[in-house]
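Below: model_22.tsv (TSV, C-alpha atoms)
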chain	number	residue	atom	x	y	z
A	1	MET	CA	0.00	0.00	0.00
A	2	SER	CA	1.41	3.36	-0.95
A	3	ALA	CA	2.03	6.08	1.61
A	4	GLY	CA	-1.08	8.06	2.29
A	5	ALA	CA	-3.38	5.42	0.86
A	6	THR	CA	-4.89	4.82	4.30
A	7	VAL	CA	-6.63	8.20	4.28
A	8	GLN	CA	-10.22	7.40	3.46
A	9	PRO	CA	-12.18	9.29	0.80
A	10	GLY	CA	-13.91	12.29	2.33
A	11	ASP	CA	-11.94	12.07	5.60
A	12	VAL	CA	-11.03	15.62	6.69
A	13	THR	CA	-9.26	14.56	9.89
A	14	GLN	CA	-6.13	13.39	8.07
A	15	ARG	CA	-4.04	14.84	5.26
A	16	VAL	CA	-2.39	12.81	2.56
A	17	GLY	CA	0.12	15.64	2.28
A	18	VAL	CA	1.17	14.91	5.87
A	19	GLU	CA	0.92	11.13	5.86
A	20	VAL	CA	3.16	10.73	2.82
A	21	ILE	CA	6.02	12.62	4.44
A	22	ARG	CA	5.48	10.84	7.77
A	23	ALA	CA	5.75	7.54	5.89
A	24	ARG	CA	9.04	8.74	4.44
A	25	GLY	CA	10.43	9.23	7.94
A	26	VAL	CA	9.74	12.87	8.75
A	27	ASP	CA	8.94	13.53	12.42
A	28	VAL	CA	6.07	15.85	11.53
A	29	ASP	CA	5.45	17.06	15.08
A	30	LYS	CA	9.10	18.04	15.47
A	31	LEU	CA	9.11	19.68	12.05
A	32	ILE	CA	6.10	21.81	12.95
A	33	LYS	CA	7.82	22.95	16.14
A	34	LEU	CA	11.01	23.81	14.29
A	35	LEU	CA	9.03	25.80	11.73
A	36	ILE	CA	7.19	27.72	14.44
A	37	ALA	CA	10.50	28.55	16.15
A	38	ASN	CA	12.00	29.66	12.84
A	39	ALA	CA	8.90	31.70	12.02
A	40	ALA	CA	9.28	33.36	15.42
A	41	ALA	CA	12.88	34.21	14.58
A	42	GLU	CA	11.91	35.70	11.21
A	43	PHE	CA	9.05	37.77	12.60
A	44	ALA	CA	9.93	38.55	16.20
A	45	SER	CA	13.74	38.28	16.42
A	46	THR	CA	14.56	39.95	13.12
A	47	TYR	CA	11.74	41.72	11.24
A	48	TYR	CA	10.63	43.61	14.33
A	49	TYR	CA	14.09	44.41	15.65
A	50	TYR	CA	15.60	45.13	12.22
A	51	THR	CA	12.98	47.86	11.98
A	52	ILE	CA	14.53	49.49	15.03
A	53	LEU	CA	18.10	48.89	13.87
A	54	ARG	CA	17.29	50.53	10.54
A	55	MET	CA	16.03	53.63	12.31
A	56	HIS	CA	19.44	54.11	13.90
A	57	LEU	CA	21.53	54.01	10.72
A	58	ALA	CA	21.08	57.67	9.85
A	59	GLY	CA	24.06	59.01	7.92
A	60	HIS	CA	24.73	55.57	6.49
A	61	GLU	CA	22.05	55.51	3.82
A	62	ASP	CA	23.64	52.61	1.98
A	63	TYR	CA	23.67	50.50	5.14
A	64	LYS	CA	20.12	51.57	5.86
A	65	GLU	CA	18.85	50.40	2.51
A	66	ILE	CA	20.62	47.03	2.74
A	67	CYS	CA	19.15	46.62	6.22
A	68	GLU	CA	15.77	47.47	4.72
A	69	ASP	CA	16.08	44.72	2.12
A	70	ALA	CA	16.99	42.18	4.80
A	71	ARG	CA	14.16	43.42	7.02
A	72	LEU	CA	11.50	43.12	4.35
A	73	GLU	CA	12.81	39.80	3.13
A	74	ASP	CA	12.61	38.39	6.62
A	75	ARG	CA	8.96	39.41	6.59
A	76	ALA	CA	8.60	37.57	3.28
A	77	HIS	CA	10.13	34.50	4.94
A	78	TRP	CA	7.56	34.70	7.68
A	79	GLU	CA	4.78	34.98	5.12
A	80	LEU	CA	6.20	32.07	3.15
A	81	ILE	CA	6.54	29.60	6.00
A	82	VAL	CA	3.39	30.26	8.04
A	83	PRO	CA	1.03	28.56	5.56
A	84	ARG	CA	3.24	25.46	5.68
A	85	ILE	CA	2.85	25.28	9.48
A	86	TYR	CA	-0.93	25.09	9.08
A	87	GLU	CA	-0.77	22.70	6.13
A	88	LEU	CA	1.17	20.31	8.33
A	89	GLY	CA	-1.53	20.50	11.01
A	90	GLY	CA	0.24	22.97	13.28
A	91	GLU	CA	-0.74	26.45	14.37
A	92	LEU	CA	0.86	29.60	15.71
A	93	PRO	CA	0.67	30.23	19.47
A	94	ASN	CA	-2.17	32.55	20.37
A	95	SER	CA	0.19	34.46	22.68
A	96	LEU	CA	2.68	36.80	21.06
A	97	PRO	CA	5.09	36.73	24.06
A	98	GLU	CA	5.00	32.93	24.01
A	99	PHE	CA	5.70	33.01	20.29
A	100	HIS	CA	8.56	35.50	20.67
A	101	ASP	CA	10.24	33.54	23.44
A	102	GLN	CA	10.60	30.30	21.51
A	103	ALA	CA	12.58	31.81	18.63
A	104	GLY	CA	15.71	29.83	17.90
A	105	CYS	CA	17.74	33.02	17.44
A	106	ILE	CA	18.25	35.77	19.99
A	107	ALA	CA	16.39	39.02	19.36
A	108	ALA	CA	18.41	41.49	17.29
A	109	LYS	CA	18.07	44.25	19.84
A	110	LEU	CA	19.56	47.69	19.41
A	111	PRO	CA	23.15	47.56	20.73
A	112	ASN	CA	24.54	50.06	23.18
A	113	PRO	CA	26.02	52.27	21.88
A	114	PRO	CA	24.09	52.04	18.59
A	115	THR	CA	27.07	52.68	16.33
A	116	ALA	CA	27.09	51.47	12.75
A	117	VAL	CA	29.72	48.87	13.62
A	118	ASN	CA	27.68	47.53	16.51
A	119	ILE	CA	24.47	47.47	14.49
A	120	LEU	CA	26.14	45.71	11.56
A	121	THR	CA	27.58	43.15	13.97
A	122	VAL	CA	24.10	42.40	15.33
A	123	LEU	CA	22.76	42.09	11.79
A	124	LEU	CA	25.56	39.76	10.71
A	125	GLU	CA	25.20	37.41	13.65
A	126	SER	CA	21.42	37.35	13.23
A	127	GLU	CA	21.80	36.24	9.63
A	128	ARG	CA	24.27	33.57	10.66
A	129	CYS	CA	21.81	32.16	13.16
A	130	ALA	CA	19.12	32.16	10.47
A	131	ILE	CA	21.38	30.24	8.09
A	132	ARG	CA	21.97	27.60	10.74
A	133	SER	CA	18.27	27.39	11.64
A	134	TRP	CA	17.07	26.95	8.06
A	135	THR	CA	19.87	24.51	7.29
A	136	ALA	CA	18.51	22.37	10.13
A	137	VAL	CA	15.10	22.34	8.42
A	138	CYS	CA	16.68	21.52	5.05
A	139	ASP	CA	18.62	18.65	6.62
A	140	MET	CA	15.46	17.31	8.23
A	141	THR	CA	13.39	17.38	5.04
A	142	PHE	CA	15.86	16.69	2.23
A	143	GLY	CA	14.66	13.80	0.09
A	144	LYS	CA	11.55	13.31	2.23
A	145	ASP	CA	9.40	16.44	2.24
A	146	PRO	CA	9.99	18.32	-1.02
A	147	ARG	CA	7.56	21.13	-0.25
A	148	THR	CA	9.04	22.14	3.10
A	149	TYR	CA	12.54	21.63	1.71
A	150	ASP	CA	11.75	23.92	-1.21
A	151	LEU	CA	10.41	26.67	1.05
A	152	ALA	CA	13.29	26.37	3.52
A	153	SER	CA	15.91	26.35	0.79
A	154	ARG	CA	14.41	29.48	-0.78
A	155	ILE	CA	14.67	31.25	2.55
A	156	LEU	CA	18.17	29.89	3.04
A	157	ASN	CA	19.21	31.33	-0.32
A	158	GLU	CA	18.35	34.81	0.88
A	159	GLU	CA	19.80	34.42	4.37
A	160	ILE	CA	23.11	33.45	2.76
A	161	GLU	CA	22.94	36.58	0.62
A	162	HIS	CA	22.18	38.68	3.68
A	163	GLU	CA	25.21	37.30	5.51
A	164	ALA	CA	27.43	38.21	2.56
A	165	TRP	CA	26.01	41.74	2.49
A	166	PHE	CA	26.69	42.35	6.16
A	167	ILE	CA	30.18	40.84	5.98
A	168	GLU	CA	30.92	43.33	3.21
A	169	LEU	CA	29.52	46.29	5.14
A	170	LEU	CA	31.06	45.37	8.50
A	171	ALA	CA	34.46	44.70	6.97
A	172	HIS	CA	34.32	48.11	5.31
A	173	GLU	CA	33.01	50.03	8.31
A	174	ARG	CA	35.02	48.34	11.06
A	175	ASP	CA	38.20	47.14	9.35
A	176	GLY	CA	38.50	49.33	6.29
A	177	LYS	CA	38.66	46.18	4.19
A	178	SER	CA	37.00	45.30	0.92
A	179	ILE	CA	35.24	41.92	1.03
A	180	PRO	CA	32.73	42.08	-1.84
A	181	SER	CA	29.45	40.29	-1.33
A	182	GLY	CA	28.47	40.03	-4.97
A	183	HIS	CA	25.47	42.18	-4.18
A	184	PHE	CA	23.37	43.56	-7.00
A	185	ARG	CA	20.63	46.02	-6.20
A	186	ARG	CA	17.24	44.45	-5.68
A	187	GLY	CA	14.58	45.50	-8.18
A	188	GLU	CA	12.68	47.10	-5.34
A	189	PRO	CA	13.19	47.15	-1.56
A	190	GLY	CA	12.67	43.70	-0.10
A	191	GLU	CA	12.17	42.08	-3.47
A	192	ALA	CA	12.87	38.62	-1.98
A	193	PRO	CA	13.68	37.01	-5.34
A	194	TYR	CA	13.66	33.49	-3.95
A	195	SER	CA	11.05	33.59	-1.25
A	196	LYS	CA	8.30	35.94	-2.39
A	197	ASN	CA	6.50	33.67	-4.79
A	198	ARG	CA	3.04	35.07	-4.26
A	199	GLY	CA	3.52	38.69	-5.19
A	200	PHE	CA	-0.17	39.19	-5.77
A	201	TYR	CA	-0.92	38.07	-2.21
A	202	ASN	CA	2.22	39.12	-0.34
A	203	PRO	CA	2.83	42.73	-1.37
B	1	MET	CA	53.67	34.73	24.27
B	2	ASN	CA	52.78	31.41	25.89
B	3	ASP	CA	50.48	28.98	24.18
B	4	PRO	CA	47.08	28.76	25.86
B	5	ALA	CA	46.61	25.96	28.36
B	6	THR	CA	45.18	22.68	27.12
B	7	TYR	CA	42.63	20.68	29.06
B	8	ARG	CA	41.24	17.17	28.82
B	9	ILE	CA	37.58	16.95	27.86
B	10	VAL	CA	35.48	13.83	28.46
B	11	LEU	CA	32.05	13.61	26.86
B	12	GLU	CA	29.41	11.13	27.96
B	13	THR	CA	27.16	10.76	24.91
B	14	PRO	CA	24.40	8.35	23.86
B	15	ASP	CA	27.01	6.75	21.59
B	16	GLY	CA	29.55	6.23	24.37
B	17	GLU	CA	32.34	8.11	26.03
B	18	PHE	CA	34.83	10.23	24.11
B	19	SER	CA	37.84	12.22	25.27
B	20	PHE	CA	40.08	14.75	23.61
B	21	ASP	CA	42.21	17.80	24.32
B	22	CYS	CA	40.87	21.32	24.02
B	23	ARG	CA	42.79	24.59	24.30
B	24	ALA	CA	41.58	27.20	26.74
B	25	ASP	CA	40.84	29.57	23.86
B	26	GLU	CA	38.87	26.97	21.89
B	27	VAL	CA	35.18	26.19	22.09
B	28	ILE	CA	34.50	22.64	23.30
B	29	TRP	CA	31.99	21.96	20.49
B	30	ASP	CA	34.59	22.95	17.88
B	31	ALA	CA	37.27	20.81	19.49
B	32	ALA	CA	34.89	17.84	19.50
B	33	ALA	CA	34.17	18.37	15.80
B	34	ARG	CA	37.90	18.58	15.13
B	35	HIS	CA	38.17	15.13	16.69
B	36	GLY	CA	35.35	13.74	14.56
B	37	ILE	CA	32.71	13.86	17.29
B	38	SER	CA	29.35	15.14	16.09
B	39	LEU	CA	27.35	16.96	18.74
B	40	PRO	CA	23.94	18.60	18.29
B	41	ALA	CA	23.80	22.36	17.70
B	42	ILE	CA	21.90	24.89	15.66
B	43	CYS	CA	22.61	28.51	16.57
B	44	HIS	CA	26.28	28.17	17.64
B	45	GLN	CA	25.72	31.33	19.67
B	46	GLY	CA	24.93	29.87	23.08
B	47	TRP	CA	21.26	30.67	22.79
B	48	CYS	CA	19.07	27.93	21.31
B	49	LEU	CA	19.87	25.16	23.88
B	50	THR	CA	20.23	22.47	21.19
B	51	CYS	CA	23.76	21.65	22.37
B	52	ALA	CA	22.89	21.65	26.10
B	53	ALA	CA	25.00	19.45	28.38
B	54	ARG	CA	25.39	18.70	32.08
B	55	LEU	CA	28.67	19.84	33.55
B	56	LEU	CA	29.63	16.82	35.66
B	57	SER	CA	33.02	18.14	36.72
B	58	GLY	CA	35.40	20.95	35.94
B	59	ALA	CA	34.87	24.56	34.96
B	60	VAL	CA	33.92	26.29	31.72
B	61	ASP	CA	33.80	29.90	30.58
B	62	GLN	CA	30.41	30.71	28.98
B	63	SER	CA	31.10	34.39	28.35
B	64	LEU	CA	30.73	33.87	24.58
B	65	SER	CA	27.16	32.66	25.04
B	66	ARG	CA	24.30	34.96	24.09
B	67	GLY	CA	21.87	33.45	26.56
B	68	TYR	CA	23.52	31.75	29.52
B	69	PHE	CA	22.12	32.72	32.90
B	70	PRO	CA	23.68	32.48	36.38
B	71	ARG	CA	20.92	30.01	37.25
B	72	ASP	CA	22.05	27.78	34.35
B	73	LYS	CA	25.41	27.43	36.04
B	74	GLU	CA	23.82	26.80	39.43
B	75	GLU	CA	21.72	24.04	37.88
B	76	GLY	CA	24.81	22.45	36.36
B	77	TYR	CA	24.15	23.08	32.68
B	78	ALA	CA	26.63	24.11	30.01
B	79	LEU	CA	26.35	25.10	26.36
B	80	PRO	CA	29.32	23.44	24.63
B	81	CYS	CA	28.84	25.43	21.39
B	82	THR	CA	30.21	28.48	23.20
B	83	ALA	CA	31.97	26.95	26.25
B	84	ARG	CA	35.72	27.23	26.71
B	85	PRO	CA	37.40	25.00	29.29
B	86	ARG	CA	39.01	26.42	32.38
B	87	SER	CA	40.04	23.00	33.75
B	88	ASP	CA	39.71	19.37	32.76
B	89	VAL	CA	36.00	18.90	32.08
B	90	ARG	CA	33.48	16.07	32.02
B	91	LEU	CA	30.16	16.72	30.26
B	92	ARG	CA	27.03	14.66	29.67
B	93	THR	CA	25.77	15.75	26.25
B	94	HIS	CA	22.31	15.67	24.62
B	95	GLN	CA	20.52	17.37	27.52
B	96	GLN	CA	18.45	19.91	25.58
B	97	PHE	CA	15.07	18.55	26.65
B	98	LEU	CA	16.00	18.47	30.34
B	99	MET	CA	17.48	21.95	30.12
B	100	ARG	CA	14.28	23.28	28.55
B	101	GLU	CA	12.28	21.67	31.35
B	102	TYR	CA	14.42	23.37	33.95
B	103	ARG	CA	14.20	26.72	32.09
B	104	ARG	CA	10.41	26.36	32.03
B	105	ARG	CA	10.34	25.84	35.81
B	106	ALA	CA	12.77	28.73	36.28
B	107	ARG	CA	10.73	31.02	33.99
B	108	LEU	CA	13.76	31.75	31.85
B	109	PRO	CA	13.81	31.97	28.02
B	110	ILE	CA	13.17	28.66	26.24
B	111	PRO	CA	14.23	28.80	22.59
B	112	TYR	CA	12.65	25.97	20.58
B	113	SER	CA	10.32	25.56	23.54
B	114	GLY	CA	7.95	23.37	21.56
B	115	LEU	CA	10.57	20.65	21.19

I need this file expressed as structure tokens, please.
Amino acid sequence: MSAGATVQPGDVTQRVGVEVIRARGVDVDKLIKLLIANAAAEFASTYYYYTILRMHLAGHEDYKEICEDARLEDRAHWELIVPRIYELGGELPNSLPEFHDQAGCIAAKLPNPPTAVNILTVLLESERCAIRSWTAVCDMTFGKDPRTYDLASRILNEEIEHEAWFIELLAHERDGKSIPSGHFRRGEPGEAPYSKNRGFYNP
Amino acid sequence: MNDPATYRIVLETPDGEFSFDCRADEVIWDAAARHGISLPAICHQGWCLTCAARLLSGAVDQSLSRGYFPRDKEEGYALPCTARPRSDVRLRTHQQFLMREYRRRARLPIPYSGL
């Protein structure tokens, strides 16, 4: 019997889309929890706090605009992954503080003093945590759950770009060194070329 | 300039006991990886608790950790991803679920709290 074949016609209490990946060895409950923690990091640890960091980059308009791209793309990541949580049978906590506190990455809070170097350091380390978090999801789903893997790998693509951007900016600002990131300007702020696949719905 | 001190690390893991040397300026997780020992970790910033271990003996410096509380030390937990040895050390690894339980009781942050 093929995976998912045990779901009876008309049964709305089970999902073939879940049973087939469970049959392939995915711990679906653990995956949901990882996705919720990563969604919390995208929304609460980065999107929210990057908004504040951006506000304190006056006089560094280039840094501010790169921060803006990362900020908006983290919001796109949040928008991209939340539907998958519900598809898998999970749900977001109804308490925002509870949601915030389970993020797998520490909140990117405004450093003291809020110098450009300190802000860029916070941004860089936040991106690095995001890379590690989404790599964990990719490792868990590779070859078993193509949909979650696809979503996670799209997000990972952009987090890797973000890390390269902030390495370039921090090396320039702190060390006076040139470490090019390969950055090309986005078509518009927060374009999210990999992760924003529903432009009509996710403006 | 003198080389940093080197300490003996013993890990009690679900796959058995492993031991190796670790310099005082090196993170225990990295030294384990250098010796071919794979330990759990995600954030590598001393925050997410995935690498949590019990400190059975010895002393570690957790100042690199982003979220290590005085109570964590009192309760005997360490985060090897950001822990540097300050003596010979014995750790019991793979303690993330127990550490989250303790953090819940202590009302301290619980990253990946659903796990």

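With all atoms listed in the file as the atoms that count, the minimum distance from chain B to the choices A:Pro114, A:Gly104, A:Gly182, A:Gly190 is reached by A:Gly104.
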
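Proximity of A:Glu68, A:Asp175, A:Asp145, A:Glu98 to Gly17 (chain A), computed with only C-alpha atoms, is greatest for A:Asp145.
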
Determine the nearest neighbour of chain A from the options B:Gly76, B:Gly46, B:Pro109, B:Gly58, counting all atoms listed in the file.
B:Pro109

Residues of chain B no more than 7 Å from chain A, counting all atoms listed in the file: send them over as a ChimeraX atom specification.
/B:42-43,47-48,109-115

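Atom pair CA of Tyr49 (chain A) / CA of Ala108 (chain A) has a distance of 5.5 Å (rounded to one decimal).
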
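In this structure, CA of Thr141 (chain A) sits 18.2 Å away from CA of Glu159 (chain A).
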
Which residue out of A:Glu158, A:Arg54, A:Lys196, A:Glu127 has the minimum interatomic distance to Ile81 (chain A) when all atoms listed in the file are used?
A:Lys196

Take CA of Ala83 (chain B) and CA of Arg103 (chain B) and report the distance between them in Å, one decimal.
18.7 Å

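The smallest atom-to-atom distance between His35 (chain B) and any of B:Val60, B:Arg8, B:Phe20, B:Arg90, using only C-alpha atoms, is found for B:Phe20.
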
Neighbours of point (6.4, 33.1, 5.3) within 12 Å, using all atoms listed in the file, written as a VMD selection string
chain A and resid 35 to 36 38 to 43 47 72 to 86 148 151 to 152 154 to 155 192 194 to 198 201 to 202

Store the residues of this selection in a file with C-alpha atoms, as a PDB file, in the coordinates of the input.
ATOM      1  CA  LEU A  35       9.030  25.800  11.730  1.00  0.00           C
ATOM      2  CA  ILE A  36       7.190  27.720  14.440  1.00  0.00           C
ATOM      3  CA  ASN A  38      12.000  29.660  12.840  1.00  0.00           C
ATOM      4  CA  ALA A  39       8.900  31.700  12.020  1.00  0.00           C
ATOM      5  CA  ALA A  40       9.280  33.360  15.420  1.00  0.00           C
ATOM      6  CA  ALA A  41      12.880  34.210  14.580  1.00  0.00           C
ATOM      7  CA  GLU A  42      11.910  35.700  11.210  1.00  0.00           C
ATOM      8  CA  PHE A  43       9.050  37.770  12.600  1.00  0.00           C
ATOM      9  CA  TYR A  47      11.740  41.720  11.240  1.00  0.00           C
ATOM     10  CA  LEU A  72      11.500  43.120   4.350  1.00  0.00           C
ATOM     11  CA  GLU A  73      12.810  39.800   3.130  1.00  0.00           C
ATOM     12  CA  ASP A  74      12.610  38.390   6.620  1.00  0.00           C
ATOM     13  CA  ARG A  75       8.960  39.410   6.590  1.00  0.00           C
ATOM     14  CA  ALA A  76       8.600  37.570   3.280  1.00  0.00           C
ATOM     15  CA  HIS A  77      10.130  34.500   4.940  1.00  0.00           C
ATOM     16  CA  TRP A  78       7.560  34.700   7.680  1.00  0.00           C
ATOM     17  CA  GLU A  79       4.780  34.980   5.120  1.00  0.00           C
ATOM     18  CA  LEU A  80       6.200  32.070   3.150  1.00  0.00           C
ATOM     19  CA  ILE A  81       6.540  29.600   6.000  1.00  0.00           C
ATOM     20  CA  VAL A  82       3.390  30.260   8.040  1.00  0.00           C
ATOM     21  CA  PRO A  83       1.030  28.560   5.560  1.00  0.00           C
ATOM     22  CA  ARG A  84       3.240  25.460   5.680  1.00  0.00           C
ATOM     23  CA  ILE A  85       2.850  25.280   9.480  1.00  0.00           C
ATOM     24  CA  TYR A  86      -0.930  25.090   9.080  1.00  0.00           C
ATOM     25  CA  THR A 148       9.040  22.140   3.100  1.00  0.00           C
ATOM     26  CA  LEU A 151      10.410  26.670   1.050  1.00  0.00           C
ATOM     27  CA  ALA A 152      13.290  26.370   3.520  1.00  0.00           C
ATOM     28  CA  ARG A 154      14.410  29.480  -0.780  1.00  0.00           C
ATOM     29  CA  ILE A 155      14.670  31.250   2.550  1.00  0.00           C
ATOM     30  CA  ALA A 192      12.870  38.620  -1.980  1.00  0.00           C
ATOM     31  CA  TYR A 194      13.660  33.490  -3.950  1.00  0.00           C
ATOM     32  CA  SER A 195      11.050  33.590  -1.250  1.00  0.00           C
ATOM     33  CA  LYS A 196       8.300  35.940  -2.390  1.00  0.00           C
ATOM     34  CA  ASN A 197       6.500  33.670  -4.790  1.00  0.00           C
ATOM     35  CA  ARG A 198       3.040  35.070  -4.260  1.00  0.00           C
ATOM     36  CA  TYR A 201      -0.920  38.070  -2.210  1.00  0.00           C
ATOM     37  CA  ASN A 202       2.220  39.120  -0.340  1.00  0.00           C
TER      38      ASN A 202
END

With N, CA and C atoms retained, output region 31-43 of chain A as a PDB file, in the first residue's frame.
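Generated file (out.pdb):
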ATOM      1  N   LEU A  31       8.958  18.719  13.158  1.00  0.00           N
ATOM      2  CA  LEU A  31       9.110  19.679  12.051  1.00  0.00           C
ATOM      3  C   LEU A  31       8.231  20.905  12.275  1.00  0.00           C
ATOM      4  N   ILE A  32       7.004  20.675  12.692  1.00  0.00           N
ATOM      5  CA  ILE A  32       6.104  21.813  12.955  1.00  0.00           C
ATOM      6  C   ILE A  32       6.711  22.731  14.017  1.00  0.00           C
ATOM      7  N   LYS A  33       7.250  22.137  15.061  1.00  0.00           N
ATOM      8  CA  LYS A  33       7.816  22.948  16.144  1.00  0.00           C
ATOM      9  C   LYS A  33       9.044  23.732  15.674  1.00  0.00           C
ATOM     10  N   LEU A  34       9.856  23.094  14.840  1.00  0.00           N
ATOM     11  CA  LEU A  34      11.010  23.806  14.290  1.00  0.00           C
ATOM     12  C   LEU A  34      10.562  24.974  13.415  1.00  0.00           C
ATOM     13  N   LEU A  35       9.528  24.731  12.614  1.00  0.00           N
ATOM     14  CA  LEU A  35       9.032  25.800  11.727  1.00  0.00           C
ATOM     15  C   LEU A  35       8.443  26.955  12.524  1.00  0.00           C
ATOM     16  N   ILE A  36       7.744  26.639  13.598  1.00  0.00           N
ATOM     17  CA  ILE A  36       7.193  27.715  14.437  1.00  0.00           C
ATOM     18  C   ILE A  36       8.334  28.525  15.061  1.00  0.00           C
ATOM     19  N   ALA A  37       9.365  27.830  15.550  1.00  0.00           N
ATOM     20  CA  ALA A  37      10.504  28.546  16.153  1.00  0.00           C
ATOM     21  C   ALA A  37      11.219  29.398  15.106  1.00  0.00           C
ATOM     22  N   ASN A  38      11.344  28.880  13.896  1.00  0.00           N
ATOM     23  CA  ASN A  38      11.997  29.665  12.844  1.00  0.00           C
ATOM     24  C   ASN A  38      11.118  30.832  12.393  1.00  0.00           C
ATOM     25  N   ALA A  39       9.817  30.599  12.350  1.00  0.00           N
ATOM     26  CA  ALA A  39       8.901  31.696  12.021  1.00  0.00           C
ATOM     27  C   ALA A  39       8.995  32.790  13.084  1.00  0.00           C
ATOM     28  N   ALA A  40       9.124  32.378  14.337  1.00  0.00           N
ATOM     29  CA  ALA A  40       9.279  33.355  15.417  1.00  0.00           C
ATOM     30  C   ALA A  40      10.553  34.159  15.228  1.00  0.00           C
ATOM     31  N   ALA A  41      11.617  33.494  14.804  1.00  0.00           N
ATOM     32  CA  ALA A  41      12.879  34.212  14.582  1.00  0.00           C
ATOM     33  C   ALA A  41      12.727  35.208  13.432  1.00  0.00           C
ATOM     34  N   GLU A  42      12.058  34.793  12.352  1.00  0.00           N
ATOM     35  CA  GLU A  42      11.906  35.702  11.211  1.00  0.00           C
ATOM     36  C   GLU A  42      11.068  36.932  11.587  1.00  0.00           C
ATOM     37  N   PHE A  43       9.995  36.683  12.301  1.00  0.00           N
ATOM     38  CA  PHE A  43       9.049  37.765  12.595  1.00  0.00           C
ATOM     39  C   PHE A  43       9.463  38.576  13.819  1.00  0.00           C
TER      40      PHE A  43
END
